[in-house]
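Trainee: Below you will find the structure I want to go over with you.
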Amino acid sequence: MTMAEGDLAVAEAAFVRSASIAPRPPPAAMTGALGWLRANLLSTPFNIGLTIVIALLLAWAISEVVKFLLIDAVWTGSDRDACLEYVQHRDIGACWPFVRERLPYFIYGSYPISERWRVDVFFGMLAIGIIWLLWLNAPRRGLGAIYFFAILPVSSFILLSGWSWIGLRPVDTVLWGGVLVTIVVASVGIVVSLPLGILLALGRRSHMPAVRALSVIFIEFVRGVPLITVLFMAGVMLPLFVPEQLSPDKLVRALVGIAIFASAYMAEVVRAGLQAIPRGQYEGAMAVGLRYWQMMRLIILPQALKVTIPNIVNTYIGLFKDTTLVFIVGIFDLLRTIEVARIDPKWATPVTSTTGYAVAAIFYLVFCYGMSRYARAMEARLARNDRR
Amino acid sequence: MSVAENHGSLLKPAKLNTPVAVELDDVNKWYGDFHVLRDINLRVRGGERIVICGPSGSGKSTMIRCINRLEEHQAGRIIIDGVELTADLKKIDEVRREVGMVFQHFNLFPHLTVLENCTLAPIWVRKMPKKQAEEVALHYLKRVKIPEQANKYPGQLSGGQQQRVAIARALCMNPKIILFDEPTSALDPEMVKEVLDTMVELAHDGMTMLVVTHEMGFARQVANRIVFMDEGQIVEANVPEEFFAHPQHERTKMFLSQILR
């Protein structure tokens, strides 16, 4: 600082404000839709170019999808003639009569028509359970957990596979299919993989060498094998070694395979979360006298699971879509039922396959996006609860 | 330092006929090949206040962390209130119930409120009814002068407040002994006093305390004995007046000349 500036500062230091300055609104260019546009989309020539290109791409893609799914779509008809360009003499989009006719098959597979109400009841019970658990302000959430993890699995099993004792006709799992199978496989995988994954992750960090070795071998073995191989082993190879009477049901074998596979992945996700917890938390918990399981349940896991919510949901979304692989052992999940229906000669048209796949895409998109949104909301809520 | 002046004169000397609370007999510990604790012998009677000081890496933290088995010793005996620490988990639980600890970095549980931090151990370890645990917690939060923060999360408090919560959390278990591992080292200078004041009050109430600290003013006012450690050994131990006025060992003299200017 030079002498002159120093003198100036002294002069300014003696300044006294006589009247307060009232706050003024910001310049118009900063606020409103125009301000937002200017700041985010049109800030530089490069950004302007990018905005135009992306807008054109979006406009093209969206218009194509809307044209196919809605504008050019066929809404009524009773067979392939309704969806054939050379019969109708117009552009043909999605063939919705095909979906309408085969929808029960997509949902229930070959489940006997007279018994399908049982599947509907199962869907209803599952929906109640999910809402009860996921709605954080729901009343009696403890009861909800018991319902979801104990009552629901047992009653669904009885309901779906039947029990002649109480007058429910047994339905072989070979007849199950469509959305029913997809939901059953995904829910079992999701519900089993988290607790099992937590146990495996804790085992892998255990101080007991035998527990640690077992966990590491299990995780590394399962992760080192493709899911298709696990399903093949469960579905095709197991019956070769085990007598037929002892070999469990085909669907059960696939469920076990999926659950084991998902648990190994979940274990690694949870382990990452455990590693993010500082040693001081363990020491603080031990110093107040908590035992190992109390420490894990009350202090370590709540924090570890919270930081891994995005990864847990990511694994769930992956798992949900991986359930389509059960078709490889001859189980008819949603995608497989669509595969079968689309080659039905009654509906054979150039748009049938595309329509069927569009249905599958919408189904998976809705479920996966739902999971993703819920996780985001959960994260936001937890972040609000504790600021570090 | 003027921290403890108001209370210093009120502190009675430890009654030396009280039973032994902490006994370390020839305790040795190694980290791999590194000999961190060498032939440690220390006997602390109930109501005594021991300040442990020494250069960093001298093993003072390791020593007090052995007392509630956050660290394991490999040779020698550690007996806490009549219970010998071995690999027996029951014994370890028993000792940890009676020994509170306050850490340099507080180690509060960030996902729980201040009140929940304080009631957690009484509820789960002492099996105390929730209502009663909350009353106890509020009592001790009042004592460390932050009852109004009970429903906040640790992350919303200042360092000094967090450390006082940590002290309240330890007190809620109604421990016989409290260990302090450099409780003021991670604090901003202006927050050190509020934590030291709380500790002085505890001392005044007759709590058995083992304190690792560099706060020599606190040591002078509160300690019955000062233990100086270097290279994993106890080099010198004496009452504060003698320790500061007539240090015997060369290493002690050098250490004191460094920190008391």
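Note on naming: chains are A, B, ... as they come in the structure tokens, residues start from 1 per chain, ligands start from 1 in the order shown.
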Residues within 8 Å of stretch 227-243 of chain B, please, as a list of chain:residue names. Count only C-alpha atoms; anything in the same chain fewer than 6 positions from it doesn't count.
Mentor: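 Near neighbours after the sequence-gap exclusion: B:His35, B:Val36, B:Leu37, B:Arg38, B:Asp39, B:Ile40, B:Asn41, B:Ile50, B:Val51, B:Ile52, B:Cys53, B:Gly54, B:Pro55, B:Gly57, B:Ser58, B:Gly59, B:Lys60, B:Ala219, B:Arg220, B:His249, B:Arg251, B:Thr252.
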Trainee: Output the selection as a PDB file, in the first residue's frame - N, CA and C atoms for each residue.
Mentor:
```pdb
ATOM      1  N   HIS B  35       7.579 -51.694  20.494  1.00  0.00           N
ATOM      2  CA  HIS B  35       7.250 -51.866  21.909  1.00  0.00           C
ATOM      3  C   HIS B  35       6.643 -50.561  22.437  1.00  0.00           C
ATOM      4  N   VAL B  36       5.306 -50.432  22.419  1.00  0.00           N
ATOM      5  CA  VAL B  36       4.691 -49.145  22.772  1.00  0.00           C
ATOM      6  C   VAL B  36       4.563 -48.915  24.267  1.00  0.00           C
ATOM      7  N   LEU B  37       4.276 -49.964  25.026  1.00  0.00           N
ATOM      8  CA  LEU B  37       4.165 -49.804  26.481  1.00  0.00           C
ATOM      9  C   LEU B  37       5.155 -50.758  27.131  1.00  0.00           C
ATOM     10  N   ARG B  38       6.002 -50.191  28.008  1.00  0.00           N
ATOM     11  CA  ARG B  38       7.066 -51.016  28.587  1.00  0.00           C
ATOM     12  C   ARG B  38       6.965 -51.010  30.109  1.00  0.00           C
ATOM     13  N   ASP B  39       6.657 -52.168  30.665  1.00  0.00           N
ATOM     14  CA  ASP B  39       6.620 -52.346  32.126  1.00  0.00           C
ATOM     15  C   ASP B  39       5.876 -51.217  32.828  1.00  0.00           C
ATOM     16  N   ILE B  40       4.641 -50.963  32.429  1.00  0.00           N
ATOM     17  CA  ILE B  40       3.871 -49.885  33.050  1.00  0.00           C
ATOM     18  C   ILE B  40       3.310 -50.360  34.388  1.00  0.00           C
ATOM     19  N   ASN B  41       3.622 -49.649  35.436  1.00  0.00           N
ATOM     20  CA  ASN B  41       3.058 -49.924  36.753  1.00  0.00           C
ATOM     21  C   ASN B  41       2.375 -48.662  37.242  1.00  0.00           C
ATOM     22  N   ILE B  50      -5.584 -38.337  38.054  1.00  0.00           N
ATOM     23  CA  ILE B  50      -4.242 -38.501  37.516  1.00  0.00           C
ATOM     24  C   ILE B  50      -4.168 -37.768  36.179  1.00  0.00           C
ATOM     25  N   VAL B  51      -3.163 -36.925  36.015  1.00  0.00           N
ATOM     26  CA  VAL B  51      -2.936 -36.331  34.703  1.00  0.00           C
ATOM     27  C   VAL B  51      -1.716 -37.007  34.101  1.00  0.00           C
ATOM     28  N   ILE B  52      -1.876 -37.444  32.845  1.00  0.00           N
ATOM     29  CA  ILE B  52      -0.782 -38.120  32.164  1.00  0.00           C
ATOM     30  C   ILE B  52      -0.309 -37.198  31.049  1.00  0.00           C
ATOM     31  N   CYS B  53       0.979 -36.876  31.052  1.00  0.00           N
ATOM     32  CA  CYS B  53       1.485 -36.012  29.989  1.00  0.00           C
ATOM     33  C   CYS B  53       2.746 -36.620  29.406  1.00  0.00           C
ATOM     34  N   GLY B  54       3.228 -36.006  28.373  1.00  0.00           N
ATOM     35  CA  GLY B  54       4.402 -36.524  27.694  1.00  0.00           C
ATOM     36  C   GLY B  54       4.356 -36.168  26.233  1.00  0.00           C
ATOM     37  N   PRO B  55       5.487 -36.313  25.542  1.00  0.00           N
ATOM     38  CA  PRO B  55       5.512 -35.958  24.121  1.00  0.00           C
ATOM     39  C   PRO B  55       4.622 -36.900  23.310  1.00  0.00           C
ATOM     40  N   GLY B  57       3.459 -39.732  20.892  1.00  0.00           N
ATOM     41  CA  GLY B  57       4.087 -41.015  20.617  1.00  0.00           C
ATOM     42  C   GLY B  57       4.700 -41.648  21.848  1.00  0.00           C
ATOM     43  N   SER B  58       4.425 -41.073  23.031  1.00  0.00           N
ATOM     44  CA  SER B  58       5.046 -41.626  24.230  1.00  0.00           C
ATOM     45  C   SER B  58       4.220 -42.773  24.807  1.00  0.00           C
ATOM     46  N   GLY B  59       3.033 -43.027  24.265  1.00  0.00           N
ATOM     47  CA  GLY B  59       2.235 -44.168  24.718  1.00  0.00           C
ATOM     48  C   GLY B  59       1.166 -43.802  25.720  1.00  0.00           C
ATOM     49  N   LYS B  60       0.961 -42.496  25.972  1.00  0.00           N
ATOM     50  CA  LYS B  60      -0.009 -42.131  27.017  1.00  0.00           C
ATOM     51  C   LYS B  60      -1.447 -42.451  26.597  1.00  0.00           C
ATOM     52  N   ALA B 219      -3.666 -29.417  35.049  1.00  0.00           N
ATOM     53  CA  ALA B 219      -2.933 -30.426  35.822  1.00  0.00           C
ATOM     54  C   ALA B 219      -2.561 -29.874  37.196  1.00  0.00           C
ATOM     55  N   ARG B 220      -2.046 -28.662  37.205  1.00  0.00           N
ATOM     56  CA  ARG B 220      -1.600 -28.027  38.439  1.00  0.00           C
ATOM     57  C   ARG B 220      -2.750 -27.870  39.432  1.00  0.00           C
ATOM     58  N   HIS B 249      13.942 -36.136  36.574  1.00  0.00           N
ATOM     59  CA  HIS B 249      14.547 -36.750  35.391  1.00  0.00           C
ATOM     60  C   HIS B 249      14.893 -35.695  34.345  1.00  0.00           C
ATOM     61  N   ARG B 251      14.685 -35.886  31.182  1.00  0.00           N
ATOM     62  CA  ARG B 251      13.666 -35.821  30.129  1.00  0.00           C
ATOM     63  C   ARG B 251      12.488 -34.958  30.588  1.00  0.00           C
ATOM     64  N   THR B 252      12.118 -35.086  31.848  1.00  0.00           N
ATOM     65  CA  THR B 252      11.021 -34.293  32.385  1.00  0.00           C
ATOM     66  C   THR B 252      11.372 -32.815  32.361  1.00  0.00           C
TER      67      THR B 252
END
```
Trainee: Do a neighbour search on stretch 187-197 of chain B at 12 Å with only C-alpha atoms, toss out local chain neighbours closer than 5 positions, and write the hits as a VMD selection string.
Mentor: chain B and resid 1 to 8 102 to 106 143 to 146 157 to 168 180 182 202 to 204 211 213 to 219 221 to 222
Trainee: Please run DSSP on the backbone and report, as a PyMOL selection string, all residues within stretch 134-242 of chain B that come out as alpha helix (DSSP H).
Mentor: chain B and resi 134-143+159-172+189-204+216-222+240-242
Trainee: Write the residues of the preceding selection, restricted to C-alpha atoms, as a PDB file, in the first residue's frame.
Mentor:
```pdb
ATOM      1  CA  GLU B 134     -34.156 -39.232  29.612  1.00  0.00           C
ATOM      2  CA  GLU B 135     -34.465 -37.738  33.074  1.00  0.00           C
ATOM      3  CA  VAL B 136     -30.914 -38.823  33.881  1.00  0.00           C
ATOM      4  CA  ALA B 137     -29.664 -37.467  30.558  1.00  0.00           C
ATOM      5  CA  LEU B 138     -31.343 -34.081  31.087  1.00  0.00           C
ATOM      6  CA  HIS B 139     -29.863 -33.934  34.577  1.00  0.00           C
ATOM      7  CA  TYR B 140     -26.329 -34.357  33.248  1.00  0.00           C
ATOM      8  CA  LEU B 141     -26.941 -32.094  30.245  1.00  0.00           C
ATOM      9  CA  LYS B 142     -27.927 -29.425  32.764  1.00  0.00           C
ATOM     10  CA  ARG B 143     -24.752 -30.122  34.655  1.00  0.00           C
ATOM     11  CA  GLY B 159     -16.762 -28.239  19.283  1.00  0.00           C
ATOM     12  CA  GLY B 160     -16.850 -27.213  22.929  1.00  0.00           C
ATOM     13  CA  GLN B 161     -20.550 -28.050  23.173  1.00  0.00           C
ATOM     14  CA  GLN B 162     -19.984 -31.411  21.504  1.00  0.00           C
ATOM     15  CA  GLN B 163     -17.251 -32.275  23.966  1.00  0.00           C
ATOM     16  CA  ARG B 164     -19.515 -31.347  26.868  1.00  0.00           C
ATOM     17  CA  VAL B 165     -22.209 -33.623  25.411  1.00  0.00           C
ATOM     18  CA  ALA B 166     -19.583 -36.356  25.255  1.00  0.00           C
ATOM     19  CA  ILE B 167     -18.861 -35.808  28.946  1.00  0.00           C
ATOM     20  CA  ALA B 168     -22.588 -35.936  29.736  1.00  0.00           C
ATOM     21  CA  ARG B 169     -22.900 -39.115  27.675  1.00  0.00           C
ATOM     22  CA  ALA B 170     -20.165 -40.739  29.743  1.00  0.00           C
ATOM     23  CA  LEU B 171     -21.741 -39.535  33.007  1.00  0.00           C
ATOM     24  CA  CYS B 172     -25.159 -40.972  32.104  1.00  0.00           C
ATOM     25  CA  PRO B 189      -8.771 -21.935  21.892  1.00  0.00           C
ATOM     26  CA  GLU B 190     -11.876 -20.118  23.169  1.00  0.00           C
ATOM     27  CA  MET B 191     -13.722 -23.396  23.694  1.00  0.00           C
ATOM     28  CA  VAL B 192     -11.028 -25.052  25.767  1.00  0.00           C
ATOM     29  CA  LYS B 193     -12.089 -23.209  28.907  1.00  0.00           C
ATOM     30  CA  GLU B 194     -15.720 -24.370  28.899  1.00  0.00           C
ATOM     31  CA  VAL B 195     -14.610 -28.000  28.649  1.00  0.00           C
ATOM     32  CA  LEU B 196     -11.916 -27.663  31.307  1.00  0.00           C
ATOM     33  CA  ASP B 197     -14.393 -25.945  33.642  1.00  0.00           C
ATOM     34  CA  THR B 198     -16.721 -28.927  33.275  1.00  0.00           C
ATOM     35  CA  MET B 199     -13.863 -31.294  34.065  1.00  0.00           C
ATOM     36  CA  VAL B 200     -12.848 -29.276  37.114  1.00  0.00           C
ATOM     37  CA  GLU B 201     -16.405 -29.546  38.424  1.00  0.00           C
ATOM     38  CA  LEU B 202     -16.311 -33.294  37.929  1.00  0.00           C
ATOM     39  CA  ALA B 203     -13.065 -33.480  39.860  1.00  0.00           C
ATOM     40  CA  HIS B 204     -14.667 -31.434  42.578  1.00  0.00           C
ATOM     41  CA  MET B 216      -0.613 -27.872  32.493  1.00  0.00           C
ATOM     42  CA  GLY B 217      -2.790 -25.268  34.209  1.00  0.00           C
ATOM     43  CA  PHE B 218      -5.492 -27.889  34.605  1.00  0.00           C
ATOM     44  CA  ALA B 219      -2.933 -30.426  35.822  1.00  0.00           C
ATOM     45  CA  ARG B 220      -1.600 -28.027  38.439  1.00  0.00           C
ATOM     46  CA  GLN B 221      -5.061 -27.216  39.775  1.00  0.00           C
ATOM     47  CA  VAL B 222      -6.787 -30.562  39.694  1.00  0.00           C
ATOM     48  CA  PRO B 240       1.889 -31.413  40.963  1.00  0.00           C
ATOM     49  CA  GLU B 241       3.779 -29.001  43.231  1.00  0.00           C
ATOM     50  CA  GLU B 242       6.873 -31.210  43.261  1.00  0.00           C
TER      51      GLU B 242
END
```
Trainee: Neighbouring residues of stretch 243-252 of chain A were defined as those with any atom within 12 Å, considering only C-alpha atoms; residues of the same chain fewer than 4 positions away were excluded. Please report them as a compact mmCIF listing (two decimals) with N, CA and C atoms, in the first residue's frame.
Mentor:
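This went into selection_11.txt:
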```txt
# COMPACT_ATOMS: atom_id res chain seq x y z
N PHE A 157 -47.21 -67.46 -0.18
CA PHE A 157 -46.81 -68.79 -0.63
C PHE A 157 -48.02 -69.72 -0.65
N SER A 161 -49.38 -70.98 -4.31
CA SER A 161 -49.15 -72.37 -4.71
C SER A 161 -50.28 -73.28 -4.26
N ASP A 172 -49.25 -75.68 -9.86
CA ASP A 172 -47.83 -75.93 -10.10
C ASP A 172 -47.14 -74.65 -10.58
N THR A 173 -45.92 -74.42 -10.09
CA THR A 173 -45.22 -73.19 -10.48
C THR A 173 -44.90 -73.16 -11.97
N VAL A 174 -44.97 -74.31 -12.64
CA VAL A 174 -44.74 -74.32 -14.09
C VAL A 174 -45.77 -73.42 -14.78
N LEU A 175 -46.95 -73.29 -14.17
CA LEU A 175 -48.01 -72.50 -14.78
C LEU A 175 -47.88 -71.00 -14.47
N TRP A 176 -47.08 -70.67 -13.49
CA TRP A 176 -46.91 -69.25 -13.14
C TRP A 176 -46.21 -68.53 -14.28
N GLY A 177 -46.49 -67.25 -14.43
CA GLY A 177 -45.79 -66.54 -15.49
C GLY A 177 -46.03 -65.05 -15.46
N VAL A 181 -44.48 -63.69 -12.02
CA VAL A 181 -43.16 -64.28 -11.79
C VAL A 181 -42.11 -63.19 -11.61
N THR A 182 -42.18 -62.17 -12.46
CA THR A 182 -41.21 -61.08 -12.34
C THR A 182 -41.26 -60.46 -10.94
N VAL A 184 -42.53 -61.80 -8.13
CA VAL A 184 -42.13 -62.76 -7.10
C VAL A 184 -40.60 -62.86 -7.05
N VAL A 185 -39.99 -63.03 -8.21
CA VAL A 185 -38.53 -63.20 -8.24
C VAL A 185 -37.85 -61.94 -7.72
N VAL A 188 -38.43 -61.43 -3.84
CA VAL A 188 -37.62 -62.34 -3.03
C VAL A 188 -36.16 -61.90 -3.07
N GLY A 189 -35.67 -61.58 -4.25
CA GLY A 189 -34.27 -61.13 -4.35
C GLY A 189 -34.03 -59.89 -3.52
N LEU A 231 -27.83 -69.54 -12.48
CA LEU A 231 -29.18 -70.04 -12.78
C LEU A 231 -29.12 -71.41 -13.45
N PHE A 232 -28.16 -71.58 -14.36
CA PHE A 232 -27.98 -72.87 -15.01
C PHE A 232 -27.68 -73.95 -13.98
N MET A 233 -26.76 -73.62 -13.07
CA MET A 233 -26.38 -74.60 -12.06
C MET A 233 -27.59 -74.95 -11.20
N ALA A 234 -28.36 -73.90 -10.82
CA ALA A 234 -29.52 -74.15 -9.98
C ALA A 234 -30.60 -74.90 -10.75
N GLY A 235 -30.78 -74.55 -12.00
CA GLY A 235 -31.92 -75.06 -12.74
C GLY A 235 -31.66 -76.36 -13.49
N VAL A 236 -30.44 -76.51 -14.01
CA VAL A 236 -30.20 -77.65 -14.88
C VAL A 236 -29.27 -78.67 -14.23
N MET A 237 -28.22 -78.19 -13.57
CA MET A 237 -27.23 -79.14 -13.06
C MET A 237 -27.66 -79.79 -11.76
N LEU A 238 -28.34 -79.04 -10.89
CA LEU A 238 -28.74 -79.59 -9.60
C LEU A 238 -29.55 -80.88 -9.76
N PRO A 239 -30.58 -80.89 -10.63
CA PRO A 239 -31.38 -82.11 -10.79
C PRO A 239 -30.55 -83.31 -11.25
N VAL A 256 -33.58 -69.10 -5.26
CA VAL A 256 -32.39 -69.23 -4.42
C VAL A 256 -31.16 -68.70 -5.17
N GLY A 257 -31.06 -69.06 -6.45
CA GLY A 257 -29.92 -68.59 -7.24
C GLY A 257 -29.87 -67.08 -7.29
N ILE A 258 -31.01 -66.44 -7.58
CA ILE A 258 -31.06 -64.98 -7.67
C ILE A 258 -30.72 -64.36 -6.31
N ALA A 259 -31.30 -64.92 -5.23
CA ALA A 259 -31.08 -64.35 -3.90
C ALA A 259 -29.60 -64.43 -3.52
N THR A 323 -33.87 -60.12 -13.39
CA THR A 323 -34.83 -61.22 -13.23
C THR A 323 -35.27 -61.76 -14.58
N VAL A 326 -34.23 -65.34 -15.85
CA VAL A 326 -34.76 -66.64 -15.44
C VAL A 326 -35.37 -67.41 -16.61
N PHE A 327 -35.61 -66.71 -17.73
CA PHE A 327 -36.18 -67.41 -18.88
C PHE A 327 -35.23 -68.54 -19.33
N ILE A 328 -33.94 -68.38 -19.00
CA ILE A 328 -32.94 -69.33 -19.48
C ILE A 328 -33.15 -70.73 -18.89
N VAL A 329 -33.80 -70.78 -17.70
CA VAL A 329 -34.09 -72.10 -17.14
C VAL A 329 -35.57 -72.43 -17.32
N GLY A 330 -36.19 -71.78 -18.30
CA GLY A 330 -37.54 -72.17 -18.66
C GLY A 330 -38.62 -71.61 -17.77
N ILE A 331 -38.36 -70.46 -17.17
CA ILE A 331 -39.39 -69.83 -16.34
C ILE A 331 -39.95 -68.65 -17.12
N PHE A 332 -41.28 -68.54 -17.11
CA PHE A 332 -41.93 -67.54 -17.96
C PHE A 332 -42.15 -66.23 -17.23
N ASP A 333 -41.13 -65.38 -17.19
CA ASP A 333 -41.32 -64.05 -16.61
C ASP A 333 -41.99 -63.15 -17.64
```
Trainee: If we count only C-alpha atoms and set the cut-off at 12 Å, which residues sit around stretch 131-144 of chain A, ignoring sequence neighbours fewer than 3 positions away in its own chain? Please answer as JSON, numbers by chain.
Mentor: {"A": [124, 125, 126, 127, 128, 147, 148, 149, 150, 151, 152, 370, 371, 374, 375, 377, 378, 381, 382]}
Trainee: Return the neighbours of chain A among the residues of chain B, cut-off 9 Å, counting only C-alpha atoms, as a ChimeraX atom specification.
Mentor: /B:68-70,92-103,105-113,120-122,124-125,152-156,169-170,173
Trainee: Please produce a file of the residues just selected, as a compact mmCIF listing (two decimals), in the first residue's frame, where the atoms kept are C-alpha atoms.
Mentor:
```
# COMPACT_ATOMS: atom_id res chain seq x y z
CA ASN B 68 -11.23 -49.99 28.81
CA ARG B 69 -9.77 -52.48 26.38
CA LEU B 70 -10.01 -50.34 23.26
CA ILE B 92 -14.67 -56.49 29.11
CA ASP B 93 -18.38 -55.60 29.12
CA GLU B 94 -18.32 -55.36 32.89
CA VAL B 95 -15.36 -52.97 32.84
CA ARG B 96 -16.76 -50.82 30.03
CA ARG B 97 -20.00 -50.35 31.95
CA GLU B 98 -18.05 -48.81 34.81
CA VAL B 99 -15.47 -46.84 32.83
CA GLY B 100 -16.53 -43.78 30.84
CA MET B 101 -14.38 -42.29 28.12
CA VAL B 102 -14.11 -38.88 26.50
CA PHE B 103 -12.25 -38.72 23.21
CA HIS B 105 -12.64 -36.06 18.52
CA PHE B 106 -15.78 -36.46 20.71
CA ASN B 107 -17.01 -39.54 18.80
CA LEU B 108 -20.64 -38.56 19.27
CA PHE B 109 -23.14 -40.46 17.15
CA PRO B 110 -24.07 -38.03 14.36
CA HIS B 111 -27.36 -39.75 13.43
CA LEU B 112 -28.77 -39.39 16.95
CA THR B 113 -29.84 -36.27 18.81
CA LEU B 120 -28.61 -44.90 24.26
CA ALA B 121 -26.19 -46.71 26.56
CA PRO B 122 -28.31 -46.49 29.73
CA TRP B 124 -29.41 -50.72 25.98
CA VAL B 125 -26.59 -51.53 28.39
CA LYS B 152 -30.29 -30.93 18.27
CA TYR B 153 -27.93 -33.16 16.35
CA PRO B 154 -24.22 -33.13 17.25
CA GLY B 155 -23.35 -31.59 13.89
CA GLN B 156 -25.29 -28.45 14.86
CA ARG B 169 -22.90 -39.12 27.68
CA ALA B 170 -20.17 -40.74 29.74
CA MET B 173 -23.74 -44.47 32.59
```
Trainee: One number please: atom CA of B:Leu260 to atom CA of B:Val44, in Å, one decimal.
Mentor: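 According to the coordinates, atom CA of B:Leu260 and atom CA of B:Val44 are separated by 26.4 Å.
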Trainee: I'd like the contact shell of B:Glu72 - 10 Å cut-off, only C-alpha atoms, skipping same-chain residues fewer than 4 positions apart - returned as a ChimeraX atom specification.
Mentor: /B:28-30,62-63,65-68,85-87
Trainee: Keeping N, CA and C atoms for every residue in the selection just given, could you write it to a file as a PDB file, in the first residue's frame?
Mentor:
```
ATOM      1  N   ASN B  28       2.724 -54.543  29.309  1.00  0.00           N
ATOM      2  CA  ASN B  28       3.519 -54.371  28.095  1.00  0.00           C
ATOM      3  C   ASN B  28       2.626 -54.528  26.884  1.00  0.00           C
ATOM      4  N   LYS B  29       2.952 -53.750  25.850  1.00  0.00           N
ATOM      5  CA  LYS B  29       2.170 -53.848  24.616  1.00  0.00           C
ATOM      6  C   LYS B  29       3.063 -53.582  23.425  1.00  0.00           C
ATOM      7  N   TRP B  30       2.820 -54.335  22.381  1.00  0.00           N
ATOM      8  CA  TRP B  30       3.563 -54.139  21.134  1.00  0.00           C
ATOM      9  C   TRP B  30       2.606 -53.896  19.979  1.00  0.00           C
ATOM     10  N   THR B  62      -2.334 -44.708  24.369  1.00  0.00           N
ATOM     11  CA  THR B  62      -2.399 -46.170  24.305  1.00  0.00           C
ATOM     12  C   THR B  62      -2.639 -46.735  25.700  1.00  0.00           C
ATOM     13  N   MET B  63      -1.957 -46.164  26.692  1.00  0.00           N
ATOM     14  CA  MET B  63      -2.106 -46.681  28.045  1.00  0.00           C
ATOM     15  C   MET B  63      -3.544 -46.540  28.529  1.00  0.00           C
ATOM     16  N   ARG B  65      -6.190 -46.175  26.792  1.00  0.00           N
ATOM     17  CA  ARG B  65      -7.106 -46.979  25.959  1.00  0.00           C
ATOM     18  C   ARG B  65      -7.047 -48.463  26.315  1.00  0.00           C
ATOM     19  N   CYS B  66      -5.949 -48.874  26.979  1.00  0.00           N
ATOM     20  CA  CYS B  66      -5.887 -50.263  27.471  1.00  0.00           C
ATOM     21  C   CYS B  66      -6.828 -50.461  28.658  1.00  0.00           C
ATOM     22  N   ILE B  67      -7.109 -49.345  29.360  1.00  0.00           N
ATOM     23  CA  ILE B  67      -7.882 -49.473  30.590  1.00  0.00           C
ATOM     24  C   ILE B  67      -9.333 -49.848  30.311  1.00  0.00           C
ATOM     25  N   ASN B  68      -9.897 -49.461  29.158  1.00  0.00           N
ATOM     26  CA  ASN B  68     -11.230 -49.988  28.809  1.00  0.00           C
ATOM     27  C   ASN B  68     -11.155 -50.912  27.601  1.00  0.00           C
ATOM     28  N   LEU B  85      -8.864 -57.513  33.323  1.00  0.00           N
ATOM     29  CA  LEU B  85      -9.168 -57.512  31.890  1.00  0.00           C
ATOM     30  C   LEU B  85      -8.431 -58.643  31.201  1.00  0.00           C
ATOM     31  N   THR B  86      -9.197 -59.547  30.614  1.00  0.00           N
ATOM     32  CA  THR B  86      -8.606 -60.609  29.794  1.00  0.00           C
ATOM     33  C   THR B  86      -9.391 -60.636  28.495  1.00  0.00           C
ATOM     34  N   ALA B  87      -9.204 -61.698  27.704  1.00  0.00           N
ATOM     35  CA  ALA B  87      -9.962 -61.786  26.450  1.00  0.00           C
ATOM     36  C   ALA B  87     -11.446 -62.081  26.716  1.00  0.00           C
TER      37      ALA B  87
END
```
Trainee: Near A:Ile190, within 9 Å and counting only C-alpha atoms, which residues show up once chain neighbours fewer than 5 positions away are dropped, as a list in words?
Mentor: Val185, Ala259, Ala262, Ser263, Tyr316, Leu319 and Phe320 of chain A
Trainee: With a distance cut-off of 12 Å and only C-alpha atoms, select the neighbouring residues of stretch 49-66 of chain A, excluding the residue or stretch itself and same-chain residues fewer than 3 positions from it, and output the selection as a PyMOL selection string.
Mentor: chain A and resi 37-38+40-46+69-73+93-94+354-355+358
Trainee: Please produce a file of those selected residues containing C-alpha atoms, as a PDB file, in the first residue's frame.
Mentor:
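Result written to out_20.pdb:
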```
ATOM      1  CA  LEU A  37     -32.743 -19.308 -19.982  1.00  0.00           C
ATOM      2  CA  ARG A  38     -29.941 -16.850 -20.383  1.00  0.00           C
ATOM      3  CA  ASN A  40     -28.397 -22.003 -18.256  1.00  0.00           C
ATOM      4  CA  LEU A  41     -29.039 -22.479 -21.949  1.00  0.00           C
ATOM      5  CA  LEU A  42     -27.733 -19.473 -23.835  1.00  0.00           C
ATOM      6  CA  SER A  43     -24.688 -18.328 -21.889  1.00  0.00           C
ATOM      7  CA  THR A  44     -22.074 -18.778 -24.657  1.00  0.00           C
ATOM      8  CA  PRO A  45     -22.199 -19.360 -28.439  1.00  0.00           C
ATOM      9  CA  PHE A  46     -21.153 -22.977 -27.800  1.00  0.00           C
ATOM     10  CA  LEU A  69     -47.434 -45.195 -29.394  1.00  0.00           C
ATOM     11  CA  LEU A  70     -50.432 -42.858 -29.770  1.00  0.00           C
ATOM     12  CA  ILE A  71     -51.062 -41.104 -33.070  1.00  0.00           C
ATOM     13  CA  ASP A  72     -50.550 -43.968 -35.531  1.00  0.00           C
ATOM     14  CA  ALA A  73     -51.528 -46.607 -32.990  1.00  0.00           C
ATOM     15  CA  GLY A  93     -48.074 -47.679 -35.015  1.00  0.00           C
ATOM     16  CA  ALA A  94     -48.444 -49.736 -31.877  1.00  0.00           C
ATOM     17  CA  THR A 354     -42.148 -53.578 -31.252  1.00  0.00           C
ATOM     18  CA  THR A 355     -45.453 -53.154 -29.423  1.00  0.00           C
ATOM     19  CA  ALA A 358     -42.659 -51.248 -25.735  1.00  0.00           C
TER      20      ALA A 358
END
```
Trainee: Expressed in Å to a single decimal, how great is the separation between atom CA of A:Val216 and atom CA of A:Met295?
Mentor: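 Between atom CA of A:Val216 and atom CA of A:Met295 the gap works out to 22.5 Å.
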